[in-house]
Amino acid sequence: LGKVVVFTALSLLVGVGGLGYVVATLFEFNQMESIILGLSLFFSSTIIIAKVLSDKRELTRLHGQIAIGIILIDDIVATFALLFVAAGSGGSLGVGEVGTLFLKGIGLVAIFAFVGAKLLPRIGKFMAGSQELLFLFAIAWGFGVATLVNRAGFSIEIGALFAGVMLAHLPYAAEIGARLKPLRDFFIVLFFVVLGEGLALSNFSSVLVPALVFSAIVIFVKPLIVMTSLGLMRYTKRTSFKAAVNLSQVSEFSIVLVVLAAATGAVSDEIEGVITIVALITI
């Protein structure tokens with residue numbers, strides 16, 4: 001499904017991302033804020049989509065596979081977006097800084113690819129002898145890789161993503177996922193609680209209208225672009241519609257990106273409020 005997934009994801013990036021950027025500029029957000037908002041609307045939620053498809057037992061259905069493929073492309077784009085936000089933490093995006101960060105990123109990917117291919121399967125096989133040991137190993141691996149990547153100059157979110165991708169290739173990924181699910185759900189709750197605590201209601205009226213407009217783009221325009229793209233690829237209306245509906249929300253990556261950008265001073269706190277409301281409405 002590589003061809004259809006890449007084509008649809010690129011259509012979403014250009015269509016939804018571009019429309020989000022234009023609308024953000026009309027609301028008088030600056031260029032960086034408009035770019036971040038456009039990207040945030042492009043991403044769809046891995047957690048929500050995977051859970052919905054799993055609960056409906058549609059992970060292996062055609063529309064389910066297409067939706068999963070598109071959010072994998074989303075995650076790749078999100079990784080690069082986080083890289084650039086991290087590069088701009090000093091207030092600028094100099095060519096030298098981006099180049100250095102990019103080279104360091106390639107080096108880390110090469111190291112992780114080697115470890116993931118040669119060492120991790122052997123370690124995982126040993127740890128899989130005990131469910132409790134496998135559970136502890138997965139947590140330790142996630143925190144360990146995230147910390148190492150953070151020490152290398154990247155964000156903790158990127159490190160966590162790398163750690164998860166490497167664990168996902170193990171034969172015991174399903175067991176790890178099942179063991180970590182309660183912990184994951186617990187921390188997702190805490191994640192949204194922390195966001196809620198930081199949401200300033202004093203400027204609620206100023207962010208409500210932009211949030212409603214961006215939510216309309218995600219709920220109506222985003223599925224239309226997916227259906228049009230899949231229609232051009234000769235997929236049926238049913239498959240196109242079911243894949244499109246699953247993608248009609250913003251992602252946890254959208255919130256992470258905006259929170260990270262606000263923490264580095266790249267965008268104002270107002271953007272954080274806008275995306276939080278959009279996430280609450282669309283999810």
# chains A, B, ... in the order shown; residues from 1 in each chain; ligands from 1
>>> residues_around(residues="Met166 in chain A", least_positions_apart="2", cutoff="10 Å", atoms="only C-alpha atoms", output="list of chain:residue names")
A:Phe112, A:Ala113, A:Val115, A:Gly116, A:Ala117, A:Leu120, A:Pro121, A:Trp141, A:Gly142, A:Leu161, A:Phe162, A:Ala163, A:Gly164, A:Ala168, A:His169, A:Leu170, A:Ala173
>>> residues_around(residues="Phe143 in chain A", least_positions_apart="6", cutoff="9 Å", atoms="only C-alpha atoms", output="VMD selection string")
chain A and resid 156 159 to 160 163
>>> write_last_selection(atoms="N, CA and C atoms", output="PDB file, in the first residue's frame")
ATOM      1  N   ILE A 156      13.047  14.872  24.197  1.00  0.00           N
ATOM      2  CA  ILE A 156      12.698  13.573  24.784  1.00  0.00           C
ATOM      3  C   ILE A 156      11.652  12.860  23.929  1.00  0.00           C
ATOM      4  N   GLY A 159      13.280  10.850  21.227  1.00  0.00           N
ATOM      5  CA  GLY A 159      13.879   9.647  21.810  1.00  0.00           C
ATOM      6  C   GLY A 159      12.850   8.584  22.121  1.00  0.00           C
ATOM      7  N   ALA A 160      11.705   9.015  22.649  1.00  0.00           N
ATOM      8  CA  ALA A 160      10.634   8.061  22.959  1.00  0.00           C
ATOM      9  C   ALA A 160      10.101   7.407  21.680  1.00  0.00           C
ATOM     10  N   ALA A 163      12.607   4.809  20.535  1.00  0.00           N
ATOM     11  CA  ALA A 163      12.536   3.636  21.400  1.00  0.00           C
ATOM     12  C   ALA A 163      11.342   2.767  21.037  1.00  0.00           C
TER      13      ALA A 163
END
>>> closest_residue(among="A:Ala140, A:Ile188, A:Leu119, A:Val213", to="Leu26 in chain A", atoms="only C-alpha atoms")
A:Val213
>>> residues_around(residues="Gln131 in chain A", least_positions_apart="5", cutoff="9 Å", atoms="only C-alpha atoms", output="list in words")
Leu136, Glu175, Ile176 and Arg179 of chain A
>>> closest_residue(among="A:Val267, A:Ala243, A:Val149, A:Met233", to="Ile35 in chain A", atoms="only C-alpha atoms")
A:Val267
>>> select_by_dssp(residues="range 200-249 of chain A", states="alpha helix (DSSP H)", output="PyMOL selection string")
chain A and resi 204-216+222-232+237-246
>>> decode(residues="range 162-176 of chain A", atoms="all heavy atoms", output="JSON list (two decimals), in the first residue's frame")
[["chain", "number", "residue", "atom", "x", "y", "z"],
["A", 162, "PHE", "N", 11.83, 6.93, 18.84],
["A", 162, "PHE", "CA", 12.84, 5.97, 18.41],
["A", 162, "PHE", "C", 12.75, 4.68, 19.22],
["A", 162, "PHE", "O", 12.82, 3.57, 18.66],
["A", 162, "PHE", "CB", 14.24, 6.57, 18.56],
["A", 162, "PHE", "CG", 14.63, 7.54, 17.48],
["A", 162, "PHE", "CD1", 15.64, 8.47, 17.69],
["A", 162, "PHE", "CD2", 14.00, 7.53, 16.26],
["A", 162, "PHE", "CE1", 16.00, 9.37, 16.70],
["A", 162, "PHE", "CE2", 14.34, 8.42, 15.26],
["A", 162, "PHE", "CZ", 15.34, 9.34, 15.48],
["A", 163, "ALA", "N", 12.61, 4.81, 20.53],
["A", 163, "ALA", "CA", 12.54, 3.64, 21.40],
["A", 163, "ALA", "C", 11.34, 2.77, 21.04],
["A", 163, "ALA", "O", 11.44, 1.54, 20.97],
["A", 163, "ALA", "CB", 12.45, 4.07, 22.86],
["A", 164, "GLY", "N", 10.21, 3.40, 20.79],
["A", 164, "GLY", "CA", 9.00, 2.65, 20.44],
["A", 164, "GLY", "C", 9.11, 1.95, 19.10],
["A", 164, "GLY", "O", 8.67, 0.80, 18.95],
["A", 165, "VAL", "N", 9.71, 2.64, 18.11],
["A", 165, "VAL", "CA", 9.88, 2.03, 16.78],
["A", 165, "VAL", "C", 10.76, 0.78, 16.87],
["A", 165, "VAL", "O", 10.48, -0.25, 16.24],
["A", 165, "VAL", "CB", 10.49, 3.06, 15.81],
["A", 165, "VAL", "CG1", 10.95, 2.38, 14.52],
["A", 165, "VAL", "CG2", 9.47, 4.14, 15.49],
["A", 166, "MET", "N", 11.82, 0.86, 17.68],
["A", 166, "MET", "CA", 12.72, -0.28, 17.81],
["A", 166, "MET", "C", 12.04, -1.46, 18.52],
["A", 166, "MET", "O", 12.20, -2.61, 18.12],
["A", 166, "MET", "CB", 13.97, 0.14, 18.58],
["A", 166, "MET", "CG", 14.83, 1.16, 17.81],
["A", 166, "MET", "SD", 16.09, 1.93, 18.83],
["A", 166, "MET", "CE", 17.25, 0.58, 19.00],
["A", 167, "LEU", "N", 11.26, -1.18, 19.55],
["A", 167, "LEU", "CA", 10.53, -2.25, 20.24],
["A", 167, "LEU", "C", 9.47, -2.88, 19.34],
["A", 167, "LEU", "O", 9.17, -4.07, 19.45],
["A", 167, "LEU", "CB", 9.88, -1.72, 21.51],
["A", 167, "LEU", "CG", 10.79, -1.39, 22.69],
["A", 167, "LEU", "CD1", 9.98, -0.79, 23.84],
["A", 167, "LEU", "CD2", 11.54, -2.63, 23.17],
["A", 168, "ALA", "N", 8.89, -2.06, 18.45],
["A", 168, "ALA", "CA", 7.80, -2.55, 17.58],
["A", 168, "ALA", "C", 8.27, -3.62, 16.61],
["A", 168, "ALA", "O", 7.45, -4.39, 16.10],
["A", 168, "ALA", "CB", 7.20, -1.38, 16.81],
["A", 169, "HIS", "N", 9.59, -3.69, 16.35],
["A", 169, "HIS", "CA", 10.11, -4.70, 15.42],
["A", 169, "HIS", "C", 10.41, -6.04, 16.10],
["A", 169, "HIS", "O", 10.77, -7.00, 15.43],
["A", 169, "HIS", "CB", 11.38, -4.17, 14.74],
["A", 169, "HIS", "CG", 11.10, -3.13, 13.70],
["A", 169, "HIS", "ND1", 10.96, -1.79, 14.01],
["A", 169, "HIS", "CD2", 10.91, -3.23, 12.36],
["A", 169, "HIS", "CE1", 10.71, -1.12, 12.90],
["A", 169, "HIS", "NE2", 10.68, -1.96, 11.89],
["A", 170, "LEU", "N", 10.28, -6.09, 17.42],
["A", 170, "LEU", "CA", 10.55, -7.34, 18.12],
["A", 170, "LEU", "C", 9.39, -8.33, 17.93],
["A", 170, "LEU", "O", 8.25, -7.92, 17.77],
["A", 170, "LEU", "CB", 10.73, -7.08, 19.62],
["A", 170, "LEU", "CG", 11.99, -6.33, 20.05],
["A", 170, "LEU", "CD1", 11.98, -6.09, 21.56],
["A", 170, "LEU", "CD2", 13.24, -7.09, 19.66],
["A", 171, "PRO", "N", 9.69, -9.64, 17.97],
["A", 171, "PRO", "CA", 8.61, -10.64, 17.86],
["A", 171, "PRO", "C", 7.66, -10.57, 19.05],
["A", 171, "PRO", "O", 6.55, -11.10, 18.98],
["A", 171, "PRO", "CB", 9.38, -11.98, 17.86],
["A", 171, "PRO", "CG", 10.78, -11.63, 17.51],
["A", 171, "PRO", "CD", 11.02, -10.25, 18.03],
["A", 172, "TYR", "N", 8.08, -9.91, 20.13],
["A", 172, "TYR", "CA", 7.28, -9.85, 21.36],
["A", 172, "TYR", "C", 6.58, -8.51, 21.49],
["A", 172, "TYR", "O", 6.15, -8.14, 22.59],
["A", 172, "TYR", "CB", 8.18, -10.08, 22.58],
["A", 172, "TYR", "CG", 9.24, -11.14, 22.35],
["A", 172, "TYR", "CD1", 10.56, -10.79, 22.10],
["A", 172, "TYR", "CD2", 8.90, -12.50, 22.34],
["A", 172, "TYR", "CE1", 11.53, -11.76, 21.86],
["A", 172, "TYR", "CE2", 9.86, -13.47, 22.10],
["A", 172, "TYR", "CZ", 11.17, -13.09, 21.86],
["A", 172, "TYR", "OH", 12.13, -14.05, 21.62],
["A", 173, "ALA", "N", 6.43, -7.78, 20.37],
["A", 173, "ALA", "CA", 5.84, -6.45, 20.42],
["A", 173, "ALA", "C", 4.40, -6.49, 20.94],
["A", 173, "ALA", "O", 3.98, -5.61, 21.70],
["A", 173, "ALA", "CB", 5.88, -5.80, 19.04],
["A", 174, "ALA", "N", 3.63, -7.51, 20.53],
["A", 174, "ALA", "CA", 2.23, -7.61, 20.97],
["A", 174, "ALA", "C", 2.15, -7.81, 22.48],
["A", 174, "ALA", "O", 1.32, -7.20, 23.16],
["A", 174, "ALA", "CB", 1.53, -8.76, 20.25],
["A", 175, "GLU", "N", 3.04, -8.67, 23.01],
["A", 175, "GLU", "CA", 3.06, -8.89, 24.47],
["A", 175, "GLU", "C", 3.46, -7.63, 25.22],
["A", 175, "GLU", "O", 2.87, -7.28, 26.24],
["A", 175, "GLU", "CB", 4.03, -10.02, 24.82],
["A", 175, "GLU", "CG", 3.56, -11.42, 24.42],
["A", 175, "GLU", "CD", 3.82, -11.72, 22.96],
["A", 175, "GLU", "OE1", 4.33, -10.83, 22.23],
["A", 175, "GLU", "OE2", 3.52, -12.86, 22.53],
["A", 176, "ILE", "N", 4.46, -6.92, 24.67],
["A", 176, "ILE", "CA", 4.90, -5.67, 25.29],
["A", 176, "ILE", "C", 3.76, -4.65, 25.30],
["A", 176, "ILE", "O", 3.48, -4.00, 26.31],
["A", 176, "ILE", "CB", 6.13, -5.10, 24.56],
["A", 176, "ILE", "CG1", 7.35, -6.01, 24.79],
["A", 176, "ILE", "CG2", 6.44, -3.68, 25.04],
["A", 176, "ILE", "CD1", 8.56, -5.63, 23.96]]
